[in-house]
file final.pdb (PDB, C-alpha atoms)
MODEL        1
ATOM      1  CA  MET A   1      31.280  84.179  55.550
ATOM      2  CA  MET A   2      31.051  87.493  57.334
ATOM      3  CA  GLN A   3      27.882  86.243  59.030
ATOM      4  CA  ILE A   4      29.224  82.762  59.818
ATOM      5  CA  ARG A   5      32.494  83.791  61.483
ATOM      6  CA  PRO A   6      30.889  85.579  64.465
ATOM      7  CA  PHE A   7      28.709  82.528  65.054
ATOM      8  CA  VAL A   8      31.711  80.175  64.831
ATOM      9  CA  SER A   9      33.665  82.386  67.227
ATOM     10  CA  PHE A  10      30.731  82.455  69.629
ATOM     11  CA  LEU A  11      30.336  78.663  69.388
ATOM     12  CA  ALA A  12      34.055  78.095  70.032
ATOM     13  CA  ALA A  13      33.945  80.374  73.061
ATOM     14  CA  TYR A  14      30.842  78.589  74.346
ATOM     15  CA  VAL A  15      32.523  75.192  74.013
ATOM     16  CA  LEU A  16      35.653  76.413  75.768
ATOM     17  CA  LEU A  17      33.627  77.885  78.603
ATOM     18  CA  GLY A  18      31.654  74.662  78.852
ATOM     19  CA  VAL A  19      34.824  72.582  79.157
ATOM     20  CA  PHE A  20      36.120  74.904  81.848
ATOM     21  CA  ALA A  21      32.840  74.767  83.765
ATOM     22  CA  GLU A  22      32.812  70.976  83.664
ATOM     23  CA  GLY A  23      36.471  70.870  84.648
ATOM     24  CA  GLN A  24      39.511  69.970  82.625
ATOM     25  CA  ILE A  25      40.703  67.309  85.061
ATOM     26  CA  LEU A  26      37.561  65.993  86.793
ATOM     27  CA  ARG A  27      34.106  65.066  85.495
ATOM     28  CA  ARG A  28      31.187  64.422  87.830
ATOM     29  CA  VAL A  29      29.702  60.998  87.042
ATOM     30  CA  ALA A  30      27.575  59.970  90.033
ATOM     31  CA  THR A  31      25.857  61.171  93.205
ATOM     32  CA  ILE A  32      25.276  58.894  96.200
ATOM     33  CA  ASP A  33      22.638  60.027  98.683
ATOM     34  CA  LEU A  34      23.606  59.268 102.285
ATOM     35  CA  PRO A  35      21.108  58.448 105.060
ATOM     36  CA  GLY A  36      22.606  60.793 107.674
ATOM     37  CA  PRO A  37      21.330  64.325 108.354
ATOM     38  CA  GLY A  38      22.117  67.048 105.828
ATOM     39  CA  GLY A  39      24.210  70.079 106.604
ATOM     40  CA  GLN A  40      26.546  68.371 109.067
ATOM     41  CA  ARG A  41      30.304  68.096 108.748
ATOM     42  CA  PHE A  42      32.062  65.178 107.097
ATOM     43  CA  ASP A  43      35.692  64.254 107.643
ATOM     44  CA  TYR A  44      38.203  61.692 106.363
ATOM     45  CA  LEU A  45      37.576  58.914 103.853
ATOM     46  CA  THR A  46      39.545  55.801 103.015
ATOM     47  CA  ILE A  47      39.188  52.800 100.721
ATOM     48  CA  ASP A  48      38.937  49.074 101.378
ATOM     49  CA  ASP A  49      40.514  47.770  98.157
ATOM     50  CA  GLU A  50      39.633  44.131  98.838
ATOM     51  CA  ASP A  51      35.877  44.664  99.064
ATOM     52  CA  GLN A  52      35.843  47.795  96.905
ATOM     53  CA  PHE A  53      34.269  49.692  99.782
ATOM     54  CA  LEU A  54      34.524  53.428 100.323
ATOM     55  CA  LEU A  55      34.597  54.234 104.044
ATOM     56  CA  SER A  56      33.412  57.729 104.962
ATOM     57  CA  ALA A  57      33.354  59.547 108.310
ATOM     58  CA  HIS A  58      30.281  61.711 108.945
ATOM     59  CA  LEU A  59      31.582  63.679 111.910
ATOM     60  CA  GLY A  60      28.415  65.603 112.782
ATOM     61  CA  PRO A  61      26.045  62.698 113.549
ATOM     62  CA  GLY A  62      28.837  60.217 114.386
ATOM     63  CA  ILE A  63      28.284  57.740 111.526
ATOM     64  CA  LEU A  64      30.686  55.569 109.525
ATOM     65  CA  TYR A  65      29.362  54.887 106.010
ATOM     66  CA  VAL A  66      30.324  51.748 104.113
ATOM     67  CA  ILE A  67      29.696  52.351 100.402
ATOM     68  CA  ASP A  68      30.036  49.786  97.608
ATOM     69  CA  MET A  69      32.056  51.507  94.868
ATOM     70  CA  LYS A  70      30.929  48.945  92.275
ATOM     71  CA  THR A  71      27.253  49.859  92.647
ATOM     72  CA  ASN A  72      27.474  53.294  94.313
ATOM     73  CA  LYS A  73      25.139  52.038  97.045
ATOM     74  CA  VAL A  74      25.360  52.440 100.823
ATOM     75  CA  VAL A  75      25.984  49.007 102.355
ATOM     76  CA  LYS A  76      25.748  50.142 105.963
ATOM     77  CA  ALA A  77      25.584  53.291 108.066
ATOM     78  CA  ILE A  78      27.357  52.342 111.291
ATOM     79  CA  PRO A  79      26.446  54.490 114.332
ATOM     80  CA  GLY A  80      28.257  54.755 117.657
ATOM     81  CA  VAL A  81      31.366  56.636 116.501
ATOM     82  CA  PRO A  82      30.711  60.103 118.017
ATOM     83  CA  GLY A  83      32.603  62.950 116.391
ATOM     84  CA  ILE A  84      34.411  60.600 113.987
ATOM     85  CA  THR A  85      37.287  62.358 112.245
ATOM     86  CA  GLY A  86      39.960  59.970 110.983
ATOM     87  CA  LEU A  87      39.622  56.334 109.993
ATOM     88  CA  GLU A  88      42.094  53.639 108.975
ATOM     89  CA  PHE A  89      41.306  50.279 107.362
ATOM     90  CA  VAL A  90      43.391  47.201 108.239
ATOM     91  CA  PRO A  91      42.879  44.553 105.532
ATOM     92  CA  GLU A  92      44.307  41.606 107.486
ATOM     93  CA  THR A  93      41.573  41.835 110.103
ATOM     94  CA  ARG A  94      38.900  43.719 108.116
ATOM     95  CA  LYS A  95      38.692  46.254 110.907
ATOM     96  CA  VAL A  96      38.434  50.043 110.768
ATOM     97  CA  TYR A  97      40.101  52.174 113.432
ATOM     98  CA  THR A  98      38.117  55.374 113.917
ATOM     99  CA  SER A  99      39.189  58.592 115.623
ATOM    100  CA  ASP A 100      36.170  59.538 117.722
ATOM    101  CA  TRP A 101      36.665  63.100 118.893
ATOM    102  CA  GLY A 102      33.248  63.165 120.560
ATOM    103  CA  GLU A 103      34.389  60.784 123.279
ATOM    104  CA  GLU A 104      38.222  61.078 122.941
ATOM    105  CA  LYS A 105      38.500  57.427 121.970
ATOM    106  CA  ILE A 106      39.719  55.239 119.133
ATOM    107  CA  GLY A 107      36.858  53.060 117.958
ATOM    108  CA  ILE A 108      37.420  49.622 116.436
ATOM    109  CA  VAL A 109      34.800  48.620 113.863
ATOM    110  CA  ASP A 110      34.552  45.029 112.633
ATOM    111  CA  LEU A 111      33.447  44.985 108.980
ATOM    112  CA  HIS A 112      32.238  41.376 109.356
ATOM    113  CA  SER A 113      29.562  42.397 111.850
ATOM    114  CA  MET A 114      29.487  46.097 110.846
ATOM    115  CA  THR A 115      29.587  47.100 114.517
ATOM    116  CA  VAL A 116      31.897  48.859 116.974
ATOM    117  CA  VAL A 117      33.603  46.082 118.936
ATOM    118  CA  LYS A 118      36.010  48.046 121.143
ATOM    119  CA  ARG A 119      36.921  51.575 122.245
ATOM    120  CA  LEU A 120      40.356  52.775 123.376
ATOM    121  CA  ALA A 121      40.695  55.915 125.497
ATOM    122  CA  THR A 122      43.263  58.278 123.997
ATOM    123  CA  ALA A 123      44.591  61.844 124.240
ATOM    124  CA  ALA A 124      42.656  64.939 123.137
ATOM    125  CA  LYS A 125      41.165  65.138 119.638
ATOM    126  CA  PRO A 126      42.051  61.905 117.868
ATOM    127  CA  ASN A 127      42.343  62.867 114.218
ATOM    128  CA  GLY A 128      44.185  61.616 111.129
ATOM    129  CA  SER A 129      45.784  58.181 111.091
ATOM    130  CA  THR A 130      48.009  55.832 109.089
ATOM    131  CA  TYR A 131      48.716  52.089 109.024
ATOM    132  CA  ALA A 132      52.250  50.648 109.030
ATOM    133  CA  ALA A 133      51.355  47.195 107.699
ATOM    134  CA  PRO A 134      54.674  45.348 108.253
ATOM    135  CA  PHE A 135      54.575  46.370 111.913
ATOM    136  CA  GLN A 136      50.823  45.801 112.388
ATOM    137  CA  LYS A 137      50.387  49.208 113.979
ATOM    138  CA  VAL A 138      48.004  52.099 113.424
ATOM    139  CA  TYR A 139      49.314  55.587 114.268
ATOM    140  CA  VAL A 140      46.639  58.077 115.348
ATOM    141  CA  SER A 141      47.319  61.788 115.641
ATOM    142  CA  ASN A 142      45.987  63.350 118.862
ATOM    143  CA  THR A 143      45.936  66.905 117.571
ATOM    144  CA  LEU A 144      45.109  68.828 120.750
ATOM    145  CA  GLY A 145      46.801  66.249 122.975
ATOM    146  CA  LYS A 146      50.075  66.958 121.120
ATOM    147  CA  ALA A 147      50.716  63.266 120.677
ATOM    148  CA  VAL A 148      50.512  60.209 118.449
ATOM    149  CA  ALA A 149      48.870  57.050 119.797
ATOM    150  CA  VAL A 150      50.308  53.726 118.588
ATOM    151  CA  VAL A 151      47.720  50.937 118.307
ATOM    152  CA  ASP A 152      48.798  47.304 118.056
ATOM    153  CA  VAL A 153      46.174  45.789 115.725
ATOM    154  CA  VAL A 154      46.864  42.240 116.950
ATOM    155  CA  LYS A 155      46.167  43.117 120.586
ATOM    156  CA  ASP A 156      43.836  46.030 119.764
ATOM    157  CA  GLU A 157      45.572  48.052 122.446
ATOM    158  CA  ILE A 158      47.439  51.363 122.584
ATOM    159  CA  VAL A 159      51.005  50.238 123.186
ATOM    160  CA  LYS A 160      52.649  53.664 123.246
ATOM    161  CA  THR A 161      51.861  57.372 123.164
ATOM    162  CA  ILE A 162      54.537  59.559 121.573
ATOM    163  CA  GLU A 163      54.371  63.157 122.828
ATOM    164  CA  PHE A 164      55.470  66.330 121.027
ATOM    165  CA  PRO A 165      55.872  70.039 121.870
ATOM    166  CA  SER A 166      53.309  70.873 119.152
ATOM    167  CA  GLU A 167      49.828  70.023 117.983
ATOM    168  CA  THR A 168      50.043  67.065 115.615
ATOM    169  CA  GLY A 169      48.657  66.994 112.095
ATOM    170  CA  MET A 170      48.290  64.104 109.674
ATOM    171  CA  PRO A 171      50.662  61.123 110.053
ATOM    172  CA  GLN A 172      51.710  59.031 107.036
ATOM    173  CA  TYR A 173      53.656  55.807 106.516
ATOM    174  CA  ASP A 174      56.398  55.651 103.854
ATOM    175  CA  SER A 175      56.367  51.990 102.809
ATOM    176  CA  SER A 176      59.732  52.215 101.040
ATOM    177  CA  ALA A 177      61.635  53.901 103.857
ATOM    178  CA  ARG A 178      59.555  51.983 106.456
ATOM    179  CA  LYS A 179      59.153  55.111 108.544
ATOM    180  CA  VAL A 180      56.178  57.041 109.923
ATOM    181  CA  TYR A 181      56.074  60.816 109.448
ATOM    182  CA  VAL A 182      53.796  63.233 111.291
ATOM    183  CA  ASN A 183      53.147  66.947 110.827
ATOM    184  CA  LEU A 184      53.973  69.204 113.788
ATOM    185  CA  ARG A 185      51.788  72.105 112.797
ATOM    186  CA  ASN A 186      52.699  74.697 115.458
ATOM    187  CA  THR A 187      56.434  74.401 114.804
ATOM    188  CA  ASN A 188      56.195  73.859 111.010
ATOM    189  CA  GLU A 189      58.154  70.609 111.231
ATOM    190  CA  ILE A 190      57.873  66.960 110.246
ATOM    191  CA  ALA A 191      58.730  64.308 112.833
ATOM    192  CA  GLU A 192      60.158  60.943 111.787
ATOM    193  CA  ILE A 193      59.257  57.817 113.797
ATOM    194  CA  ASP A 194      60.789  54.337 113.575
ATOM    195  CA  PRO A 195      57.813  51.940 113.750
ATOM    196  CA  ALA A 196      60.100  49.056 114.727
ATOM    197  CA  THR A 197      60.793  50.722 118.085
ATOM    198  CA  ASP A 198      58.338  53.664 118.087
ATOM    199  CA  THR A 199      61.187  56.028 118.828
ATOM    200  CA  LEU A 200      61.581  59.539 117.468
ATOM    201  CA  LEU A 201      64.394  59.676 114.909
ATOM    202  CA  GLY A 202      64.312  63.400 114.204
ATOM    203  CA  LYS A 203      62.327  66.572 113.533
ATOM    204  CA  TYR A 204      62.871  68.537 110.329
ATOM    205  CA  PRO A 205      61.745  72.092 109.465
ATOM    206  CA  VAL A 206      59.473  72.423 106.443
ATOM    207  CA  ASP A 207      60.872  75.595 104.883
ATOM    208  CA  GLY A 208      58.304  77.898 103.306
ATOM    209  CA  CYS A 209      55.406  76.283 105.150
ATOM    210  CA  GLN A 210      53.172  77.664 107.875
ATOM    211  CA  PHE A 211      50.806  75.464 109.923
ATOM    212  CA  ASN A 212      51.290  72.120 108.160
ATOM    213  CA  HIS A 213      48.326  69.843 108.766
ATOM    214  CA  GLY A 214      47.372  67.684 105.767
ATOM    215  CA  MET A 215      49.869  65.238 104.255
ATOM    216  CA  ALA A 216      50.084  62.468 101.657
ATOM    217  CA  VAL A 217      53.167  60.458 100.714
ATOM    218  CA  ASP A 218      54.680  59.190  97.460
ATOM    219  CA  SER A 219      56.691  56.289  98.878
ATOM    220  CA  GLU A 220      58.392  55.403  95.591
ATOM    221  CA  HIS A 221      60.077  58.802  95.392
ATOM    222  CA  HIS A 222      60.206  59.603  99.137
ATOM    223  CA  ARG A 223      58.111  62.727  98.758
ATOM    224  CA  ALA A 224      55.578  64.201 101.181
ATOM    225  CA  PHE A 225      52.810  66.464  99.870
ATOM    226  CA  ILE A 226      52.063  68.917 102.655
ATOM    227  CA  LEU A 227      49.214  71.412 103.033
ATOM    228  CA  CYS A 228      50.414  74.632 104.655
ATOM    229  CA  SER A 229      47.169  76.374 105.538
ATOM    230  CA  GLY A 230      48.864  79.308 107.273
ATOM    231  CA  ASN A 231      50.218  80.623 103.975
ATOM    232  CA  ARG A 232      47.937  78.686 101.543
ATOM    233  CA  THR A 233      50.848  76.777 100.073
ATOM    234  CA  PHE A 234      51.133  73.262  98.697
ATOM    235  CA  THR A 235      54.643  72.114  99.613
ATOM    236  CA  VAL A 236      56.549  69.125  98.270
ATOM    237  CA  PHE A 237      59.016  67.885 100.893
ATOM    238  CA  ALA A 238      61.851  65.430 100.171
ATOM    239  CA  LEU A 239      61.753  62.874 102.972
ATOM    240  CA  ASP A 240      65.226  61.558 102.131
ATOM    241  CA  THR A 241      67.040  64.918 102.214
ATOM    242  CA  HIS A 242      64.616  66.693 104.583
ATOM    243  CA  LYS A 243      64.242  69.668 102.221
ATOM    244  CA  SER A 244      61.319  71.529 100.646
ATOM    245  CA  ILE A 245      61.656  71.265  96.875
ATOM    246  CA  ALA A 246      58.476  72.926  95.549
ATOM    247  CA  HIS A 247      55.871  75.465  96.632
ATOM    248  CA  LEU A 248      52.622  76.084  94.750
ATOM    249  CA  PRO A 249      49.618  78.263  95.694
ATOM    250  CA  MET A 250      46.264  76.759  96.631
ATOM    251  CA  PRO A 251      42.863  78.126  97.722
ATOM    252  CA  ALA A 252      41.846  78.730 101.334
ATOM    253  CA  GLY A 253      40.574  75.929 103.541
ATOM    254  CA  ALA A 254      42.901  73.140 102.371
ATOM    255  CA  ASP A 255      42.482  70.160 104.697
ATOM    256  CA  VAL A 256      42.894  66.725 103.099
ATOM    257  CA  VAL A 257      45.336  65.707 100.347
ATOM    258  CA  LYS A 258      45.448  62.381  98.464
ATOM    259  CA  PHE A 259      47.937  60.987  95.941
ATOM    260  CA  ASP A 260      47.119  58.845  92.905
ATOM    261  CA  PRO A 261      50.416  57.133  91.971
ATOM    262  CA  GLY A 262      49.024  55.730  88.725
ATOM    263  CA  LEU A 263      48.373  59.192  87.298
ATOM    264  CA  SER A 264      51.064  60.950  89.382
ATOM    265  CA  ARG A 265      48.370  63.368  90.525
ATOM    266  CA  ILE A 266      47.740  65.009  93.865
ATOM    267  CA  TYR A 267      44.246  66.149  94.895
ATOM    268  CA  VAL A 268      43.598  68.728  97.633
ATOM    269  CA  ALA A 269      40.148  69.372  99.116
ATOM    270  CA  CYS A 270      39.676  73.067  99.969
ATOM    271  CA  SER A 271      36.580  74.104 101.920
ATOM    272  CA  SER A 272      36.449  77.474 100.131
ATOM    273  CA  GLY A 273      34.965  75.571  97.188
ATOM    274  CA  PHE A 274      37.692  73.829  95.195
ATOM    275  CA  ILE A 275      39.579  70.624  94.616
ATOM    276  CA  SER A 276      43.095  71.646  93.644
ATOM    277  CA  VAL A 277      44.835  69.219  91.305
ATOM    278  CA  PHE A 278      48.617  69.036  90.989
ATOM    279  CA  GLN A 279      50.783  66.963  88.652
ATOM    280  CA  ALA A 280      54.091  65.318  89.504
ATOM    281  CA  GLN A 281      56.077  65.622  86.279
ATOM    282  CA  ASP A 282      58.949  63.778  87.944
ATOM    283  CA  ALA A 283      60.378  63.573  91.466
ATOM    284  CA  GLU A 284      61.692  67.140  91.292
ATOM    285  CA  HIS A 285      59.086  69.017  89.255
ATOM    286  CA  TYR A 286      55.431  69.729  90.039
ATOM    287  CA  ARG A 287      52.738  71.981  88.585
ATOM    288  CA  LYS A 288      49.114  72.865  89.223
ATOM    289  CA  LEU A 289      46.614  71.578  86.693
ATOM    290  CA  GLU A 290      43.397  73.106  87.971
ATOM    291  CA  ASP A 291      41.402  74.523  90.859
ATOM    292  CA  PHE A 292      38.267  72.496  90.139
ATOM    293  CA  PRO A 293      35.133  74.228  91.541
ATOM    294  CA  VAL A 294      32.977  72.274  94.005
ATOM    295  CA  GLU A 295      30.477  73.180  96.712
ATOM    296  CA  LYS A 296      31.811  75.048  99.724
ATOM    297  CA  MET A 297      32.661  73.033 102.862
ATOM    298  CA  VAL A 298      34.081  70.144 100.827
ATOM    299  CA  HIS A 299      37.301  69.605 102.727
ATOM    300  CA  SER A 300      37.902  65.868 102.365
ATOM    301  CA  LEU A 301      38.253  63.323  99.576
ATOM    302  CA  ALA A 302      39.518  59.881  98.632
ATOM    303  CA  VAL A 303      41.077  58.481  95.457
ATOM    304  CA  ASP A 304      40.601  54.959  94.124
ATOM    305  CA  SER A 305      44.008  54.139  92.667
ATOM    306  CA  THR A 306      42.505  51.410  90.449
ATOM    307  CA  SER A 307      39.711  53.344  88.734
ATOM    308  CA  HIS A 308      41.323  56.765  89.402
ATOM    309  CA  ARG A 309      37.949  58.033  90.551
ATOM    310  CA  VAL A 310      37.791  60.777  93.171
ATOM    311  CA  TYR A 311      35.162  60.734  95.938
ATOM    312  CA  ALA A 312      34.183  63.855  97.895
ATOM    313  CA  PRO A 313      31.351  64.288 100.443
ATOM    314  CA  GLU A 314      29.066  67.330 100.334
ATOM    315  CA  GLN A 315      27.180  68.803 103.284
ATOM    316  CA  GLN A 316      25.519  71.599 101.338
ATOM    317  CA  GLU A 317      24.428  72.614  97.860
ATOM    318  CA  LYS A 318      24.117  76.320  97.153
ATOM    319  CA  GLY A 319      23.793  76.901 100.882
ATOM    320  CA  GLN A 320      21.098  74.261 101.411
ATOM    321  CA  PRO A 321      21.846  71.241 103.639
ATOM    322  CA  VAL A 322      22.530  67.880 101.979
ATOM    323  CA  ALA A 323      24.328  64.621 102.834
ATOM    324  CA  ARG A 324      25.817  62.935  99.803
ATOM    325  CA  MET A 325      28.918  61.601  98.123
ATOM    326  CA  ILE A 326      29.997  62.935  94.730
ATOM    327  CA  VAL A 327      31.935  60.685  92.358
ATOM    328  CA  TYR A 328      34.310  62.200  89.816
ATOM    329  CA  GLU A 329      36.034  60.592  86.851
ATOM    330  CA  SER A 330      39.608  61.669  86.195
ATOM    331  CA  ILE A 331      40.154  63.163  82.768
ATOM    332  CA  THR A 332      43.490  62.551  81.088
ATOM    333  CA  SER A 333      44.886  64.414  78.124
ATOM    334  CA  ASP A 334      48.227  65.362  76.646
ATOM    335  CA  ARG A 335      47.984  68.582  78.587
ATOM    336  CA  SER A 336      47.833  66.854  81.962
ATOM    337  CA  LYS A 337      50.383  64.094  81.424
ATOM    338  CA  PRO A 338      53.827  64.388  82.999
TER     339      PRO A 338
ENDMDL
END
call {"tool": "encode", "arguments": {"input": "final.pdb", "output": "structure tokens"}}
result
Amino acid sequence: MMQIRPFVSFLAAYVLLGVFAEGQILRRVATIDLPGPGGQRFDYLTIDDEDQFLLSAHLGPGILYVIDMKTNKVVKAIPGVPGITGLEFVPETRKVYTSDWGEEKIGIVDLHSMTVVKRLATAAKPNGSTYAAPFQKVYVSNTLGKAVAVVDVVKDEIVKTIEFPSETGMPQYDSSARKVYVNLRNTNEIAEIDPATDTLLGKYPVDGCQFNHGMAVDSEHHRAFILCSGNRTFTVFALDTHKSIAHLPMPAGADVVKFDPGLSRIYVACSSGFISVFQAQDAEHYRKLEDFPVEKMVHSLAVDSTSHRVYAPEQQEKGQPVARMIVYESITSDRSKP
């Protein structure tokens, strides 16, 4: 027994280290090679639930990828979207509205023909976007233009530009409150917009947050999950009371945050080499589950709320240029449940 115990202890330690290395919350299950050039920046992703397509913006070469999530195959690489940052899918028309920083325009991509069918001139640096379905409007943040462009998806025209005294970060639509919220990252505030009239209803300080850019929304509980890159803080903000209710640390380089309502999990892509995973225990209590290690420069992701898989694009591996999408399975256990 004296000889067995050290071996058992070593084996137990090895297993524990192996679990940690693989991740306690995410498990890599697939790699999708992308046809664009390696080593160039990716940006936002979104999901077409009807077709089970993953839509991915490859900012560097100006390509929109359409990926079949059932087969993990690239359906189409759509060119002609220079400097694509944000993208928003509208299921009623099967169109994608792209934020094309390279030409300061909003591109409109028809998924029937897989081509760009229209371009709308907009203010400086079109970026993140959100769709208010009942109002048939897409809201596009113009970060450097200090504005939000409102696109009528029936007319495919910009019907209003809402200006702010701050650079704008990610906008999000709260489907329960039927309001649009947008980060004002220079003033550390959230602005509230009424999509029925496109009027500004108010601006609210996000206490404990510096330089708020990324945002996701839990509409059921009226909570915004805000990335405060100035002080590396993940902030939960109550949209109904306009108060910060939780602050948790996160790694450097946090950019994009996504919420999986089925698992009550929040995923944050951090370009310093992590996906931070947070758990909503209830509407008032939140905790970090893991800083899952990934390649550096991964600063965007998407979550399929049906399969609970997480998708994240990589532009490098160990410093070498690549262009690929990594697919992760979500791991559930008693430890991670609310």
call {"tool": "atom_distance", "arguments": {"input": "final.pdb", "atom1": "atom CA of Ser330 of chain A", "atom2": "atom CA of Arg27 of chain A"}}
result
6.5 Å
call {"tool": "resolve_selection", "arguments": {"input": "final.pdb", "expression": "the PyMOL selection byres ((chain A and resi 195-211) around 6)", "output": "compact mmCIF listing (two decimals) with C-alpha atoms, keeping the file's coordinate frame"}}
result
# COMPACT_ATOMS: atom_id res chain seq x y z
CA ARG A 185 51.79 72.10 112.80
CA ASN A 186 52.70 74.70 115.46
CA ASN A 188 56.20 73.86 111.01
CA GLU A 189 58.15 70.61 111.23
CA ILE A 190 57.87 66.96 110.25
CA ALA A 191 58.73 64.31 112.83
CA GLU A 192 60.16 60.94 111.79
CA ILE A 193 59.26 57.82 113.80
CA ASP A 194 60.79 54.34 113.58
CA ASN A 212 51.29 72.12 108.16
CA CYS A 228 50.41 74.63 104.66
CA SER A 229 47.17 76.37 105.54
CA GLY A 230 48.86 79.31 107.27
CA ASN A 231 50.22 80.62 103.98
CA SER A 244 61.32 71.53 100.65
call {"tool": "closest_residue", "arguments": {"input": "final.pdb", "among": "A:Val150, A:Ala252, A:Val217, A:Ile63", "to": "Thr233 of chain A", "atoms": "only C-alpha atoms"}}
result
A:Ala252
call {"tool": "closest_atom_pairs", "arguments": {"input": "final.pdb", "of": "segment 49-164 of chain A", "to": "segment 287-308 of chain A", "cutoff": "12 Å", "atoms": "only C-alpha atoms", "output": "Markdown table"}}
result
| residue | atom | partner | partner_atom | distance |
| --- | --- | --- | --- | --- |
| A:Asp49 | CA | A:Asp304 | CA | 8.2 |
| A:Glu50 | CA | A:Thr306 | CA | 11.5 |
| A:Gln52 | CA | A:Asp304 | CA | 9.0 |
| A:Phe53 | CA | A:Asp304 | CA | 10.0 |
| A:Leu54 | CA | A:Ala302 | CA | 8.3 |
| A:Leu55 | CA | A:Ala302 | CA | 9.2 |
| A:Ser56 | CA | A:Ala302 | CA | 9.1 |
| A:Ala57 | CA | A:Ser300 | CA | 9.8 |
| A:His58 | CA | A:Ser300 | CA | 10.9 |
| A:Leu59 | CA | A:Ser300 | CA | 11.7 |
| A:Met69 | CA | A:Asp304 | CA | 9.2 |
| A:Lys70 | CA | A:Ser307 | CA | 10.4 |
| A:Thr85 | CA | A:Ser300 | CA | 10.5 |
| A:Gly86 | CA | A:Ser300 | CA | 10.6 |
| A:Leu87 | CA | A:Ala302 | CA | 11.9 |
| A:Gly128 | CA | A:Ser300 | CA | 11.6 |
call {"tool": "write_last_selection", "arguments": {"input": "final.pdb", "atoms": "C-alpha atoms", "output": "PDB file, in the coordinates of the input"}}
result
ATOM      1  CA  ASP A  49      40.514  47.770  98.157  1.00  0.00           C
ATOM      2  CA  GLU A  50      39.633  44.131  98.838  1.00  0.00           C
ATOM      3  CA  GLN A  52      35.843  47.795  96.905  1.00  0.00           C
ATOM      4  CA  PHE A  53      34.269  49.692  99.782  1.00  0.00           C
ATOM      5  CA  LEU A  54      34.524  53.428 100.323  1.00  0.00           C
ATOM      6  CA  LEU A  55      34.597  54.234 104.044  1.00  0.00           C
ATOM      7  CA  SER A  56      33.412  57.729 104.962  1.00  0.00           C
ATOM      8  CA  ALA A  57      33.354  59.547 108.310  1.00  0.00           C
ATOM      9  CA  HIS A  58      30.281  61.711 108.945  1.00  0.00           C
ATOM     10  CA  LEU A  59      31.582  63.679 111.910  1.00  0.00           C
ATOM     11  CA  MET A  69      32.056  51.507  94.868  1.00  0.00           C
ATOM     12  CA  LYS A  70      30.929  48.945  92.275  1.00  0.00           C
ATOM     13  CA  THR A  85      37.287  62.358 112.245  1.00  0.00           C
ATOM     14  CA  GLY A  86      39.960  59.970 110.983  1.00  0.00           C
ATOM     15  CA  LEU A  87      39.622  56.334 109.993  1.00  0.00           C
ATOM     16  CA  GLY A 128      44.185  61.616 111.129  1.00  0.00           C
TER      17      GLY A 128
END
call {"tool": "resolve_selection", "arguments": {"input": "final.pdb", "expression": "the PyMOL selection byres ((chain A and resi 28) around 10)", "output": "JSON, numbers by chain"}}
result
{"A": [22, 23, 26, 27, 29, 30, 31, 309, 310, 311, 326, 327, 328, 329, 330]}
